[in-house]
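Let me begin by presenting the structure, written as structure tokens, before commenting on it.
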Amino acid sequence: MTAEQAEGRQDLRVPSAAPGQLKFAAGDAFRQALRQRVDRYFEHSGRRRRDCPRMYLKTLLLLAWFAVSYGLLVFVPGPWWAVLPLALSLGLAMAAIGFNVQHDGSHSAYSDRPWVNRLMALTLDFMGASSYVWSRKHNVIHHSYTNIVDHDDDINIGFLGRLAPHQPRFRFHRWQHYYLWGLYGFLYLKWTLYDDFRDVLLGRIGGHRLARPRGWDLATFLGGKAVFFTWALVVPLLLHPTWQVLSVFLLASFVLGVMLSVVFQLAHCVEEASFPLPAEATGRMESAWAAHQVETTVDFGRDNRLLSWYVGGLNFQIEHHLFPHVCHIHYPALSQLVEETCREYGLRYTAHRSLLAGLVSHFRQLRRMGLAPTV
């Protein structure tokens, strides 16, 4: 076995989980066949799974986008009609850094060098959220237990919304397909100001234990929050009126929250995605892990190159869940292999043709969950 093939075996491994937690069906011929085909793709194409020059260039462009938007907002006085688009630009730039740089870094998909991945992951701390908490909530829990109620905390948005058929329903959910779009904008503020601190203090993420950060991890957690509030609030308050700073801060955060929420929801909370539960008799999932990822995940807008560039390939969410340790620039090519292999093994591979189709499906899913009784 070559070193590249050995890396491929790691790319499609089942994410690690605490002993005694939910298990999937044993044996996975689909996963083995897909892994072999992807290994051959990289071997024959000569492309690197990580450390891609295109990704390094993309990182520079995104960081420059953020720096220019922030610099013009804070250090160059301008009328309100110039401040408004700059605030929108800042929020969009931060979302793009999250989708691309920190996401690949946190999944060790950015580089073969651990310190480079760690540096890229720290861009999330720079933007106010904890990379320590996120890596455990997203990399381990969400990727292990995708769309499984009471296991995947990412589909739990609290009592205000119902995303899955096995979650409790309240009467006001009948209007959630209208009001949740506005609440999505407050996701990032809730995440940075409340969720991170709650999870660390409680030592839990949903029903899963979270080891509280210590040493360097704790310093990064606290230092990241301090750095974020310094550049986002303290420095602007030294130069501008309070109401202006808070207005820009809230607007940029709202844009960021909407972008992060919608991209996630279009991949997992749509009509075509499954929300399976473990079998009552065995307590195990009926599907193997890789098949489960395909059944609970949906791609969207795969032919839209601008969309793929901006969201860091997260519109190829099936490929990301199967190969989280591969740089996202390879997802369009891998999607052909994944779709063909799914067809051969009788697995449903779902992809919305456009971003609009995904949005409509999510709207319908919200409406259906708001009306349907609890299963």
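By order of appearance in the structure tokens: chains A, B, ..., then residues from 1 within every chain, and ligands from 1 in the order shown.
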
DSSP-assigned strand (DSSP E or B) among stretch 163-263 of chain A, expressed as a VMD selection string
chain A and resid 204 to 205 208 to 209

Just-selected residues, C-alpha atoms written as a short mmCIF file (atom, residue, chain, number, x, y, z; two decimals), in the first residue's frame:
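As written to disk, again.cif reads:
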data_model
loop_
_atom_site.label_atom_id
_atom_site.label_comp_id
_atom_site.auth_asym_id
_atom_site.auth_seq_id
_atom_site.Cartn_x
_atom_site.Cartn_y
_atom_site.Cartn_z
CA ARG A 204 -21.45 18.89 27.47
CA ILE A 205 -22.65 19.38 23.92
CA HIS A 208 -22.36 14.27 24.61
CA ARG A 209 -19.58 14.91 27.08
#

Contacts of A:Phe172 at 9 Å (only C-alpha atoms; same-chain gap of 4+ positions) as a short mmCIF file (atom, residue, chain, number, x, y, z; two decimals) with C-alpha atoms, in the first residue's frame:
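Saved to part_21.cif:
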data_model
loop_
_atom_site.label_atom_id
_atom_site.label_comp_id
_atom_site.auth_asym_id
_atom_site.auth_seq_id
_atom_site.Cartn_x
_atom_site.Cartn_y
_atom_site.Cartn_z
CA LEU A 160 -38.20 27.96 18.50
CA GLN A 176 -41.63 28.58 11.37
CA GLY A 370 -44.39 22.82 11.57
#

A:Arg174 surroundings by only C-alpha atoms, 9 Å radius, close-in-sequence under 5 positions cut, as number ranges by chain:
A: 169, 366-372

Selected residue of minimal separation from A:Asp199 among A:Arg214, A:Arg162, A:His240, A:Lys137, counting only C-alpha atoms:
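Checking each candidate against A:Asp199, we get A:Lys137 as the closest.
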
Write out, as a Markdown table, each residue of stretch 69-158 of chain A that has an atom at most 12 Å from stretch 287-308 of chain A, together with the closest pair of atoms and their distance in Å to one decimal, counting only C-alpha atoms, rows going by chain and rising number.
| residue | atom | partner | partner_atom | distance |
| --- | --- | --- | --- | --- |
| A:Ala96 | CA | A:Leu307 | CA | 10.6 |
| A:Phe99 | CA | A:Ser308 | CA | 10.3 |
| A:Asn100 | CA | A:Ser308 | CA | 10.2 |
| A:His142 | CA | A:Gln293 | CA | 10.5 |
| A:His143 | CA | A:Gln293 | CA | 8.2 |
| A:Ser144 | CA | A:Trp289 | CA | 7.9 |
| A:Tyr145 | CA | A:Gln293 | CA | 8.8 |
| A:Thr146 | CA | A:Thr296 | CA | 6.7 |
| A:Asn147 | CA | A:Thr296 | CA | 6.3 |
| A:Ile148 | CA | A:Thr296 | CA | 9.0 |
| A:Val149 | CA | A:Thr296 | CA | 12.0 |
| A:Asp152 | CA | A:Thr296 | CA | 11.6 |
| A:Ile155 | CA | A:Thr296 | CA | 11.7 |

Residues of stretch 144-186 of chain A in helix (DSSP H, G or I), written as a list in words
Ser144, Asp153, Asp154, Ile155, Arg171, Phe172, His173, Arg174, Trp175, Gln176, His177, Tyr178, Tyr179, Leu180, Trp181, Gly182, Leu183, Tyr184, Gly185 and Phe186 of chain A

If we count only C-alpha atoms and set the cut-off at 10 Å, which residues sit around stretch 105-108 of chain A, ignoring sequence neighbours fewer than 2 positions away in its own chain? Please answer as an NGL selection string.
:A and (11 or 50 or 98 or 100-103 or 110-124 or 131-132 or 134-136 or 138-139 or 320 or 323-327)

Which residue is closest to A:Arg48? Choose from A:Ile329, A:Val68, A:Val76, A:Ala267 and count only C-alpha atoms.
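The shortest atom-to-atom distance to A:Arg48 comes from A:Ile329.
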
My list of candidates is A:Phe316, A:Trp309, A:Phe249, A:Tyr349. Which is closest to A:Trp231 when distances are computed with only C-alpha atoms?
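Checking each of A:Phe316, A:Trp309, A:Phe249, A:Tyr349 against A:Trp231, counting only C-alpha atoms, the winner is A:Phe249.
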
I want to know what sits within 9 Å of A:Gly128, based on only C-alpha atoms, with residues of the same chain fewer than 2 positions away left out; could you give that as a PyMOL selection string?
chain A and resi 123-126+130+188+191-193+224-229

Polymer residues at most 12 Å from A:Ser261, only C-alpha atoms, same-chain spacing of 2 or more positions, as a ChimeraX atom specification
/A:95,99,154-155,157,180-188,191,254-259,263-269,311,359,362

Can you check which parts of stretch 329-362 of chain A lie within 12 Å of stretch 36-45 of chain A? Per residue, the shortest pair of atoms and distance in Å to one decimal, counting only C-alpha atoms, sorted by chain and number, as a tab-separated table.
residue	atom	partner	partner_atom	distance
A:His330	CA	A:Phe42	CA	9.7
A:Tyr331	CA	A:Val38	CA	10.9
A:Ala333	CA	A:Tyr41	CA	9.0
A:Leu334	CA	A:Val38	CA	7.1
A:Ser335	CA	A:Val38	CA	10.2
A:Gln336	CA	A:Val38	CA	10.4
A:Leu337	CA	A:Arg37	CA	7.2
A:Val338	CA	A:Val38	CA	8.7
A:Glu339	CA	A:Arg37	CA	11.9
A:Glu340	CA	A:Arg37	CA	10.5
A:Thr341	CA	A:Arg37	CA	8.9

When you count only C-alpha atoms, which of these residues is closest to A:Ala109: A:Leu260, A:Cys52, A:Leu222, A:Ala33?
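Distance minimum relative to A:Ala109 lands on A:Cys52.
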
Do you have the atom CA of A:Phe221-atom CA of A:Leu62 distance handy?
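Atom-to-atom, atom CA of A:Phe221 to atom CA of A:Leu62, that is 23.4 Å.
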
Please report the interatomic distance between atom CA of A:Asp51 and atom CA of A:Leu322 in Å with one decimal.
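Computing it gives 19.3 Å between the two atoms.
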